[in-house]
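> This one is start_5.csv, CSV, C-alpha atoms.
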chain,number,residue,atom,x,y,z
L,11,MET,CA,-23.8,19.7,-41.8
L,12,SER,CA,-23.7,17.7,-45.0
L,13,GLY,CA,-27.0,16.9,-46.7
L,14,ASN,CA,-25.9,13.6,-48.1
L,15,GLY,CA,-26.1,10.5,-46.0
L,16,ARG,CA,-29.6,11.4,-44.9
L,17,LEU,CA,-31.2,8.3,-43.7
L,18,PRO,CA,-33.9,6.8,-46.1
L,19,PRO,CA,-37.0,7.0,-43.9
L,20,PHE,CA,-37.0,10.8,-43.7
L,21,SER,CA,-39.5,12.7,-45.9
L,22,ARG,CA,-40.5,16.4,-46.0
L,23,ARG,CA,-44.0,17.2,-44.8
L,24,VAL,CA,-45.9,19.6,-42.5
L,25,PRO,CA,-46.2,18.1,-39.0
L,26,GLU,CA,-49.6,18.4,-37.2
L,27,GLY,CA,-50.0,21.9,-35.7
L,28,ASP,CA,-47.1,23.3,-37.7
L,29,ASN,CA,-47.3,25.6,-40.7
L,30,ARG,CA,-44.3,24.6,-42.8
L,31,GLU,CA,-42.5,21.5,-44.2
L,32,ARG,CA,-40.1,19.7,-41.9
L,33,GLU,CA,-37.9,16.6,-42.3
L,34,VAL,CA,-39.9,13.9,-40.6
L,35,CYS,CA,-39.0,10.2,-40.0
L,36,ASP,CA,-41.7,8.1,-41.6
L,37,SER,CA,-41.0,5.2,-39.3
L,38,CYS,CA,-40.9,6.9,-35.8
L,39,GLY,CA,-42.2,10.5,-36.4
L,40,PHE,CA,-39.0,12.2,-35.2
L,41,ILE,CA,-38.9,15.8,-36.5
L,42,ASN,CA,-35.5,17.0,-37.6
L,43,TYR,CA,-36.1,20.8,-37.2
L,44,ALA,CA,-33.4,22.7,-39.2
L,45,ASN,CA,-32.4,25.9,-37.4
L,46,PRO,CA,-30.2,28.8,-38.3
L,47,LYS,CA,-26.7,28.5,-36.9
L,48,ILE,CA,-24.9,31.0,-34.7
L,49,VAL,CA,-21.4,32.0,-35.3
L,50,VAL,CA,-19.6,33.8,-32.4
L,51,GLY,CA,-16.4,35.7,-32.7
L,52,SER,CA,-14.6,38.9,-31.9
L,53,VAL,CA,-12.5,41.8,-33.2
L,54,ILE,CA,-9.5,41.5,-30.9
L,55,THR,CA,-6.9,44.2,-30.3
L,56,TRP,CA,-3.6,44.7,-28.5
L,57,GLN,CA,-2.8,48.4,-28.2
L,58,ASP,CA,-3.6,49.7,-31.7
L,59,LYS,CA,-3.3,46.4,-33.6
L,60,VAL,CA,-5.9,43.9,-34.7
L,61,LEU,CA,-5.4,40.1,-34.3
L,62,LEU,CA,-6.2,38.1,-37.5
L,63,CYS,CA,-5.8,34.4,-38.3
L,64,ARG,CA,-5.0,32.8,-41.6
L,65,ARG,CA,-7.3,29.9,-42.2
L,66,ALA,CA,-5.9,26.4,-42.4
L,67,ILE,CA,-9.2,24.9,-43.4
L,68,SER,CA,-12.0,25.2,-46.0
L,69,PRO,CA,-13.8,27.3,-46.9
L,70,ARG,CA,-11.4,30.2,-47.8
L,71,LYS,CA,-8.3,28.3,-46.7
L,72,GLY,CA,-5.3,30.7,-46.7
L,73,TYR,CA,-7.4,33.9,-46.2
L,74,TRP,CA,-7.5,36.0,-43.1
L,75,THR,CA,-10.3,36.1,-40.6
L,76,ILE,CA,-11.1,37.2,-37.1
L,77,PRO,CA,-11.4,34.4,-34.5
L,78,ALA,CA,-15.0,33.1,-34.9
L,79,GLY,CA,-16.8,29.9,-35.3
L,80,TYR,CA,-20.0,27.9,-34.5
L,81,MET,CA,-21.4,28.3,-31.1
L,82,GLU,CA,-21.7,25.0,-29.1
L,83,GLU,CA,-24.6,23.8,-27.0
L,84,HIS,CA,-24.8,24.9,-23.3
L,85,GLU,CA,-22.4,27.8,-23.6
L,86,THR,CA,-23.2,31.6,-23.8
L,87,THR,CA,-22.3,33.7,-26.8
L,88,GLU,CA,-19.6,35.4,-24.8
L,89,HIS,CA,-18.2,32.1,-23.7
L,90,GLY,CA,-18.3,30.9,-27.3
L,91,ALA,CA,-16.4,33.9,-28.5
L,92,ARG,CA,-13.7,33.4,-25.9
L,93,ARG,CA,-13.5,29.7,-26.7
L,94,GLU,CA,-13.0,30.4,-30.4
L,95,ALA,CA,-10.1,32.9,-29.6
L,96,ILE,CA,-8.4,30.1,-27.7
L,97,GLU,CA,-9.1,27.4,-30.3
L,98,GLU,CA,-8.0,29.5,-33.3
L,99,ALA,CA,-5.3,31.7,-31.9
L,100,ASN,CA,-4.4,30.4,-28.4
L,101,ALA,CA,-5.5,33.9,-27.3
L,102,ASP,CA,-7.0,34.8,-23.9
L,103,ILE,CA,-9.4,37.7,-24.4
L,104,ASP,CA,-11.4,40.2,-22.4
L,105,ILE,CA,-14.7,41.0,-24.0
L,106,ASP,CA,-15.6,44.7,-23.9
L,107,ALA,CA,-18.9,45.1,-25.8
L,108,LEU,CA,-21.2,43.6,-28.4
L,109,LEU,CA,-20.1,45.0,-31.7
L,110,ALA,CA,-22.5,43.5,-34.3
L,111,VAL,CA,-25.2,41.0,-35.2
L,112,TYR,CA,-25.0,40.0,-38.8
L,113,ASN,CA,-27.4,37.9,-40.8
L,114,ILE,CA,-26.4,35.7,-43.8
L,115,PRO,CA,-29.9,34.3,-44.6
L,116,ARG,CA,-28.7,32.3,-47.7
L,117,ILE,CA,-26.8,30.0,-45.4
L,118,SER,CA,-29.1,30.5,-42.4
L,119,GLN,CA,-26.3,32.0,-40.3
L,120,VAL,CA,-26.4,34.7,-37.6
L,121,GLN,CA,-23.1,36.1,-36.5
L,122,ILE,CA,-22.7,37.6,-33.1
L,123,ILE,CA,-19.4,39.6,-32.9
L,124,TYR,CA,-17.8,41.2,-29.9
L,125,ARG,CA,-15.2,43.8,-29.4
L,126,ALA,CA,-12.4,42.4,-27.2
L,127,ARG,CA,-8.8,42.9,-26.1
L,128,LEU,CA,-6.0,40.4,-25.6
L,129,ALA,CA,-5.5,39.8,-21.9
L,130,ARG,CA,-1.7,39.6,-22.7
L,131,PRO,CA,0.3,39.8,-25.9
L,132,GLU,CA,0.5,36.1,-26.4
L,133,PHE,CA,-1.1,34.2,-29.3
L,134,SER,CA,-0.2,31.4,-31.7
L,135,PRO,CA,-1.9,29.4,-34.5
L,136,GLY,CA,-4.4,26.8,-33.3
L,137,PRO,CA,-5.2,23.7,-35.4
L,138,GLU,CA,-7.5,25.7,-37.7
L,139,SER,CA,-5.0,28.5,-38.4
L,140,LEU,CA,-1.9,28.6,-40.5
L,141,GLU,CA,-0.7,31.9,-39.0
L,142,THR,CA,-1.8,34.5,-36.4
L,143,ARG,CA,-0.6,38.1,-36.5
L,144,LEU,CA,-1.3,41.5,-35.1
L,145,PHE,CA,-1.9,44.0,-37.9
L,146,ALA,CA,-1.7,47.8,-37.7
L,147,TRP,CA,-4.8,49.3,-39.4
L,148,SER,CA,-2.8,50.3,-42.5
L,149,ASP,CA,-1.4,46.8,-42.9
L,150,ILE,CA,-4.7,44.9,-42.8
L,151,PRO,CA,-4.7,42.5,-45.9
L,152,TRP,CA,-8.1,43.8,-47.2
L,153,ALA,CA,-7.9,41.9,-50.4
L,154,ASP,CA,-7.2,38.6,-48.6
L,155,LEU,CA,-9.9,38.7,-46.0
L,156,ALA,CA,-11.9,35.4,-45.9
L,157,PHE,CA,-15.5,36.7,-45.8
L,158,PRO,CA,-17.6,39.8,-46.3
L,159,SER,CA,-18.5,39.8,-42.6
L,160,VAL,CA,-14.8,40.1,-41.7
L,161,HIS,CA,-14.8,43.4,-43.7
L,162,TRP,CA,-17.9,44.5,-42.0
L,163,ALA,CA,-16.7,43.7,-38.5
L,164,LEU,CA,-13.4,45.5,-39.0
L,165,GLY,CA,-15.1,48.6,-40.5
L,166,HIS,CA,-17.6,48.6,-37.7
L,167,PHE,CA,-14.9,48.2,-35.1
L,168,ARG,CA,-13.2,51.3,-36.6
L,169,ASP,CA,-16.6,53.2,-36.7
L,170,VAL,CA,-17.0,52.9,-32.9
L,171,GLU,CA,-13.4,53.2,-31.9
L,172,GLY,CA,-13.2,55.2,-28.6
L,173,LEU,CA,-17.0,54.9,-28.0
L,174,SER,CA,-18.1,53.1,-24.9
L,175,THR,CA,-21.8,53.3,-25.8
L,176,PHE,CA,-23.0,52.7,-29.3
L,177,ALA,CA,-25.8,50.9,-31.2
L,178,VAL,CA,-24.9,47.4,-32.2
L,179,ARG,CA,-24.0,47.3,-35.9
L,180,THR,CA,-25.8,45.1,-38.5
L,181,ASN,CA,-25.4,44.2,-42.2
L,182,PRO,CA,-24.7,47.1,-44.5
L,183,PRO,CA,-28.0,48.1,-46.1
L,184,GLY,CA,-29.1,45.5,-48.7
L,185,ASP,CA,-25.9,43.4,-48.2
L,186,HIS,CA,-26.6,39.8,-47.3
L,187,GLY,CA,-23.0,38.6,-47.3
L,188,ASP,CA,-23.1,36.6,-50.5
L,189,TYR,CA,-19.8,36.3,-52.3
M,8,MET,CA,-37.2,19.0,-30.6
M,9,SER,CA,-38.0,15.8,-28.7
M,10,GLY,CA,-35.2,13.5,-27.8
M,11,ASN,CA,-37.3,10.3,-28.0
M,12,GLY,CA,-37.8,8.7,-31.4
M,13,ARG,CA,-34.0,9.0,-32.1
M,14,LEU,CA,-33.3,6.4,-34.8
M,15,PRO,CA,-31.3,3.4,-33.6
M,16,PRO,CA,-28.1,3.6,-35.6
M,17,PHE,CA,-27.0,6.9,-34.0
M,18,SER,CA,-24.3,6.8,-31.4
M,19,ARG,CA,-22.2,9.5,-29.7
M,20,ARG,CA,-18.6,9.7,-30.7
M,21,VAL,CA,-15.9,12.3,-31.7
M,22,PRO,CA,-15.8,12.6,-35.5
M,23,GLU,CA,-12.4,12.8,-37.2
M,24,GLY,CA,-10.9,16.3,-36.9
M,25,ASP,CA,-13.4,17.3,-34.3
M,26,ASN,CA,-12.8,17.8,-30.6
M,27,ARG,CA,-16.1,16.8,-29.0
M,28,GLU,CA,-18.7,14.1,-29.0
M,29,ARG,CA,-21.4,14.3,-31.7
M,30,GLU,CA,-24.4,12.2,-32.6
M,31,VAL,CA,-23.1,10.1,-35.6
M,32,CYS,CA,-25.0,7.5,-37.7
M,33,ASP,CA,-23.1,4.2,-37.5
M,34,SER,CA,-24.5,3.1,-40.8
M,35,CYS,CA,-23.9,6.2,-43.1
M,36,GLY,CA,-21.6,8.6,-41.1
M,37,PHE,CA,-24.2,11.4,-41.1
M,38,ILE,CA,-23.2,13.8,-38.2
M,39,ASN,CA,-26.2,15.3,-36.5
M,40,TYR,CA,-24.6,18.5,-35.1
M,41,ALA,CA,-26.7,19.9,-32.2
M,42,ASN,CA,-26.6,23.7,-32.3
M,43,PRO,CA,-28.0,26.4,-29.9
M,44,LYS,CA,-31.4,27.7,-31.1
M,45,ILE,CA,-32.2,31.3,-31.8
M,46,VAL,CA,-35.4,32.9,-30.5
M,47,VAL,CA,-36.4,36.2,-32.1
M,48,GLY,CA,-39.0,38.6,-30.7
M,49,SER,CA,-39.8,42.2,-29.8
M,50,VAL,CA,-41.1,44.5,-27.2
M,51,ILE,CA,-43.9,46.2,-29.2
M,52,THR,CA,-45.6,49.4,-28.2
M,53,TRP,CA,-48.5,51.5,-29.3
M,54,GLN,CA,-48.2,55.0,-27.9
M,55,ASP,CA,-47.3,54.3,-24.2
M,56,LYS,CA,-48.7,50.8,-24.0
M,57,VAL,CA,-47.0,47.4,-24.5
M,58,LEU,CA,-48.4,44.5,-26.5
M,59,LEU,CA,-48.5,41.2,-24.7
M,60,CYS,CA,-49.9,37.8,-25.7
M,61,ARG,CA,-51.3,35.1,-23.4
M,62,ARG,CA,-49.9,31.8,-24.4
M,63,ALA,CA,-52.3,29.1,-25.8
M,64,ILE,CA,-49.6,26.5,-25.8
M,65,SER,CA,-47.0,24.8,-23.5
M,66,PRO,CA,-44.7,25.7,-21.9
M,67,ARG,CA,-46.3,28.3,-19.6
M,68,LYS,CA,-49.8,28.1,-21.2
M,69,GLY,CA,-52.0,30.9,-19.8
M,70,TYR,CA,-49.1,33.2,-19.0
M,71,TRP,CA,-48.2,36.5,-20.7
M,72,THR,CA,-45.3,36.9,-23.1
M,73,ILE,CA,-43.9,39.2,-25.8
M,74,PRO,CA,-44.3,38.0,-29.4
M,75,ALA,CA,-41.2,35.8,-29.9
M,76,GLY,CA,-40.4,32.3,-31.2
M,77,TYR,CA,-37.8,30.2,-33.0
M,78,MET,CA,-36.1,31.7,-36.0
M,79,GLU,CA,-36.6,29.8,-39.2
M,80,GLU,CA,-34.0,29.0,-41.9
M,81,HIS,CA,-33.3,31.5,-44.6
M,82,GLU,CA,-34.8,34.5,-42.8
M,83,THR,CA,-33.0,37.4,-41.0
M,84,THR,CA,-33.4,38.0,-37.3
M,85,GLU,CA,-35.5,41.1,-38.1
M,86,HIS,CA,-37.7,39.2,-40.5
M,87,GLY,CA,-38.2,36.5,-37.9
M,88,ALA,CA,-39.2,39.0,-35.2
M,89,ARG,CA,-41.8,40.5,-37.7
M,90,ARG,CA,-43.1,37.1,-38.6
M,91,GLU,CA,-43.6,36.1,-34.9
M,92,ALA,CA,-45.6,39.3,-34.3
M,93,ILE,CA,-47.8,38.4,-37.2
M,94,GLU,CA,-48.1,34.7,-36.2
M,95,GLU,CA,-48.8,35.3,-32.5
M,96,ALA,CA,-50.7,38.6,-32.5
M,97,ASN,CA,-51.6,39.4,-36.2
M,98,ALA,CA,-49.6,42.5,-35.6
M,99,ASP,CA,-47.7,44.4,-38.2
M,100,ILE,CA,-44.6,46.0,-36.6
M,101,ASP,CA,-41.9,48.5,-37.4
M,102,ILE,CA,-38.6,47.5,-35.8
M,103,ASP,CA,-36.7,50.4,-34.3
M,104,ALA,CA,-33.5,49.0,-32.6
M,105,LEU,CA,-31.9,45.9,-31.2
M,106,LEU,CA,-32.8,45.9,-27.6
M,107,ALA,CA,-31.1,42.8,-26.1
M,108,VAL,CA,-29.3,39.5,-26.7
M,109,TYR,CA,-30.0,37.0,-23.9
M,110,ASN,CA,-28.4,33.6,-23.3
M,111,ILE,CA,-30.2,30.7,-21.7
M,112,PRO,CA,-27.3,28.1,-21.8
M,113,ARG,CA,-29.2,25.4,-19.9
M,114,ILE,CA,-31.5,25.0,-22.9
M,115,SER,CA,-28.9,26.2,-25.5
M,116,GLN,CA,-31.0,29.2,-26.4
M,117,VAL,CA,-30.0,32.7,-27.6
M,118,GLN,CA,-32.8,35.3,-27.7
M,119,ILE,CA,-32.5,38.3,-30.0
M,120,ILE,CA,-35.0,40.9,-28.9
M,121,TYR,CA,-35.9,44.1,-30.8
M,122,ARG,CA,-37.7,47.3,-29.8
M,123,ALA,CA,-40.6,47.9,-32.2
M,124,ARG,CA,-43.9,49.8,-32.7
M,125,LEU,CA,-47.2,48.7,-34.1
M,126,ALA,CA,-47.6,50.0,-37.6
M,127,ARG,CA,-51.3,50.6,-36.7
M,128,PRO,CA,-53.4,49.8,-33.7
M,129,GLU,CA,-54.7,46.4,-35.0
M,130,PHE,CA,-53.9,43.1,-33.4
M,131,SER,CA,-55.7,39.9,-32.4
M,132,PRO,CA,-54.7,36.4,-31.1
M,133,GLY,CA,-53.0,34.1,-33.5
M,134,PRO,CA,-53.2,30.3,-33.1
M,135,GLU,CA,-50.6,30.2,-30.3
M,136,SER,CA,-52.3,33.0,-28.3
M,137,LEU,CA,-55.4,32.9,-26.1
M,138,GLU,CA,-55.5,36.7,-25.8
M,139,THR,CA,-53.6,39.8,-27.0
M,140,ARG,CA,-53.7,43.1,-25.2
M,141,LEU,CA,-52.1,46.5,-24.8
M,142,PHE,CA,-51.0,47.2,-21.2
M,143,ALA,CA,-50.1,50.5,-19.6
M,144,TRP,CA,-46.9,50.1,-17.7
M,145,SER,CA,-48.7,50.1,-14.3
M,146,ASP,CA,-51.0,47.3,-15.5
M,147,ILE,CA,-48.4,44.8,-16.7
M,148,PRO,CA,-49.2,41.4,-15.1
M,149,TRP,CA,-45.7,41.0,-13.6
M,150,ALA,CA,-46.7,37.9,-11.6
M,151,ASP,CA,-48.1,36.2,-14.7
M,152,LEU,CA,-45.3,36.7,-17.2
M,153,ALA,CA,-44.3,33.4,-18.9
M,154,PHE,CA,-40.5,33.6,-18.7
M,155,PRO,CA,-37.6,35.4,-16.9
M,156,SER,CA,-36.5,36.8,-20.2
M,157,VAL,CA,-39.9,38.6,-20.6
M,158,HIS,CA,-39.2,40.4,-17.3
M,159,TRP,CA,-35.7,41.3,-18.5
M,160,ALA,CA,-36.9,42.6,-21.9
M,161,LEU,CA,-39.7,44.7,-20.4
M,162,GLY,CA,-37.2,46.1,-17.8
M,163,HIS,CA,-34.6,46.8,-20.4
M,164,PHE,CA,-37.2,48.4,-22.7
M,165,ARG,CA,-38.0,50.8,-19.8
M,166,ASP,CA,-34.3,51.5,-19.1
M,167,VAL,CA,-33.7,52.8,-22.6
M,168,GLU,CA,-37.0,54.5,-23.2
M,169,GLY,CA,-36.4,57.8,-25.0
M,170,LEU,CA,-32.9,56.8,-26.0
M,171,SER,CA,-32.1,56.4,-29.7
M,172,THR,CA,-28.5,55.1,-29.1
M,173,PHE,CA,-27.8,52.6,-26.3
M,174,ALA,CA,-25.7,49.5,-25.7
M,175,VAL,CA,-27.6,46.3,-26.3
M,176,ARG,CA,-28.7,44.7,-23.1
M,177,THR,CA,-27.7,41.2,-21.9
M,178,ASN,CA,-28.7,38.9,-19.1
M,179,PRO,CA,-28.8,40.5,-15.6
M,180,PRO,CA,-25.4,39.6,-14.0
M,181,GLY,CA,-25.3,36.0,-12.9
M,182,ASP,CA,-28.8,35.2,-14.1
M,183,HIS,CA,-29.1,32.4,-16.6
M,184,GLY,CA,-32.8,32.5,-17.0
M,185,ASP,CA,-33.6,29.3,-15.1
M,186,TYR,CA,-37.0,29.1,-13.4
Would you give me this structure, written as structure tokens?

Amino acid sequence: MSGNGRLPPFSRRVPEGDNREREVCDSCGFINYANPKIVVGSVITWQDKVLLCRRAISPRKGYWTIPAGYMEEHETTEHGARREAIEEANADIDIDALLAVYNIPRISQVQIIYRARLARPEFSPGPESLETRLFAWSDIPWADLAFPSVHWALGHFRDVEGLSTFAVRTNPPGDHGDY
Amino acid sequence: MSGNGRLPPFSRRVPEGDNREREVCDSCGFINYANPKIVVGSVITWQDKVLLCRRAISPRKGYWTIPAGYMEEHETTEHGARREAIEEANADIDIDALLAVYNIPRISQVQIIYRARLARPEFSPGPESLETRLFAWSDIPWADLAFPSVHWALGHFRDVEGLSTFAVRTNPPGDHGDY
């Protein structure tokens, strides 16, 4: 969401009964609560390879990521992760487990990342991807990953490989995902 | 967030490069993306008792809940859960593990619930609580719990009691938390 274009009658003040400043319309009293945003996605495999997408859009255009994006209203986190795999990689996935919950507080983002498998070995770039490819672990383009959380998710996927029960992973200690 | 009071120049249309309708200002082009909201909270214990709060506010005023509420911008989910325990029960908590991620798609809500302990046996009602109390398991007021997800969280807490490593819990199968 872009901050410019904000309509003139909004000002920042503490609404009655609240304890912090919000954006309030001076003319009608509408309160524009700003909430953290949820990103849903998954580390997706076929046999021993991981599916990555090369981004066709900003930020980090040209860099590799796992299929993930903003959760929409009236869907579940699992549904959102499946939708993103379809939108970014035309990939139909079976979700296996919740892998991680990451916090990026600087940009008010919570990432909910699943472990999943391709339902069949078919995938291709969606409109937001330049390229989609299965990588063997040793071929993952570590220097060309789009975001710190893609590193974390791949590392955590590897940590729990072969485990059916594991504690959900979170940010590496002290790391807030800034880059 | 209340739907009334919406400023007149907003209309619903599909922005360029998007694939679904958004609320767009006809005068300046500002896109008011509507996102799911995150609730953060925790099942908090002291020895073998669970801390519950009786709600002083709508919805479900007078009913019992775990300390939980909307996550704010620029905090982490853990920070938000600790803040809610302070705001609703003046309780200082130590978070132990992520217990559950629940989806309530009808109201576009994702609940991130931790397992926590009181740092010391001190608590009292905050402004949004009528009463705060430690309940032995057999005394929990099951018929007077505020929301389905409070039932789920207490049940899941009991499921994993004594386990340090467990898979994060999710909605009971087929249950979307409507009531």
> To one decimal place in Å, what is the distance between atom CA of Ile105 of chain L and atom CA of Ser174 of chain L?
12.6 Å
> Counting all atoms listed in the file, what is within 9 Å of segment 135-139 of chain M, bar same-chain residues fewer than 3 positions away, as an MDAnalysis selection string?
chainID M and resid 58:64 68:69 71 94:96 130:132
> Which of these residues is nearest to Asp169 of chain L, using all atoms listed in the file: L:Asp188, L:Arg125, L:Ala146, L:Val49?
L:Arg125
> Would you mind listing what lies within 12 Å of Val167 of chain M as a ChimeraX atom specification, with all atoms listed in the file counted and same-chain residues fewer than 4 positions away left out?
/L:177 /M:104-107,122,160-163,171-176
> Quick one: residues within 6 Å of segment 126-129 of chain L, only C-alpha atoms counted, chain neighbours fewer than 6 positions away excluded, as a list in words?
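That gives Ile54, Thr55, Trp56, Asp102, Ile103, Asp104, Ile105 and Asp106 of chain L.
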> Counting all atoms listed in the file, which residue out of M:Glu82, M:Glu30, M:Asp151, M:Asp55 sits closest to chain L?
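Answer, going by the shortest atom-to-atom distance: M:Glu82.
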> Taking a cut-off of 9 Å and counting only C-alpha atoms, can you build a table that, for each residue of chain M near chain L, reports the nearest atom pair and how far apart they are in Å (one decimal), sorted by chain then residue number, as CSV?

residue,atom,partner,partner_atom,distance
M:Met8,CA,L:Ile41,CA,6.9
M:Ser9,CA,L:Phe40,CA,7.5
M:Gly10,CA,L:Phe40,CA,8.4
M:Asn11,CA,L:Phe40,CA,7.6
M:Gly12,CA,L:Phe40,CA,5.3
M:Arg13,CA,L:Phe40,CA,6.7
M:Leu14,CA,L:Cys38,CA,7.7
M:Cys32,CA,L:Leu17,CA,8.7
M:Ser34,CA,L:Leu17,CA,9.0
M:Cys35,CA,L:Gly15,CA,5.6
M:Gly36,CA,L:Gly15,CA,6.9
M:Phe37,CA,L:Gly15,CA,5.3
M:Ile38,CA,L:Met11,CA,6.9
M:Asn39,CA,L:Met11,CA,7.3
M:Tyr40,CA,L:Met11,CA,6.9
M:Ala41,CA,L:Glu83,CA,6.8
M:Asn42,CA,L:Glu83,CA,5.7
M:Pro43,CA,L:Glu83,CA,5.2
M:Lys44,CA,L:Asn45,CA,6.6
M:Ile45,CA,L:Pro46,CA,7.2
M:Tyr77,CA,L:Asn45,CA,8.2
M:Met78,CA,L:Pro46,CA,7.0
M:Glu79,CA,L:Asn45,CA,6.0
M:Glu80,CA,L:Ser118,CA,5.1
M:His81,CA,L:Pro115,CA,4.4
M:Glu82,CA,L:Pro115,CA,5.2
M:Thr83,CA,L:Asn113,CA,5.6
M:Thr84,CA,L:Asn113,CA,6.9
M:Ala104,CA,L:Ala177,CA,8.1
M:Leu105,CA,L:Val178,CA,7.2
M:Tyr109,CA,L:Thr86,CA,8.7
M:Asn110,CA,L:Thr86,CA,5.6
M:Ile111,CA,L:Thr86,CA,7.4
M:Pro112,CA,L:His84,CA,4.3
M:Arg113,CA,L:His84,CA,5.6
M:Ile114,CA,L:His84,CA,6.7
M:Ser115,CA,L:His84,CA,4.8
M:Gln116,CA,L:His84,CA,8.2
M:Val117,CA,L:Thr87,CA,7.8
M:Ser171,CA,L:Ala177,CA,8.5
M:Thr172,CA,L:Ala177,CA,5.4
M:Phe173,CA,L:Ala177,CA,5.6
M:Ala174,CA,L:Thr175,CA,5.4
M:Val175,CA,L:Val178,CA,6.6
> Using all atoms listed in the file, which of the listed residues (M:Thr72, M:Pro22, M:Val31, M:Ile120) sits closest to Leu152 of chain M?
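So, comparing all the options, the nearest one is M:Thr72.
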> Could you check how far atom CA of Pro179 of chain M sits from atom CA of Trp159 of chain M, in Å to one decimal?
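Interatomic distance, atom CA of Pro179 of chain M to atom CA of Trp159 of chain M: 7.5 Å.
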> Quick one: distance from atom CA of Val57 of chain M to atom CA of Asp182 of chain M in Å, one decimal?
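Atom-to-atom, atom CA of Val57 of chain M to atom CA of Asp182 of chain M, that is 24.3 Å.
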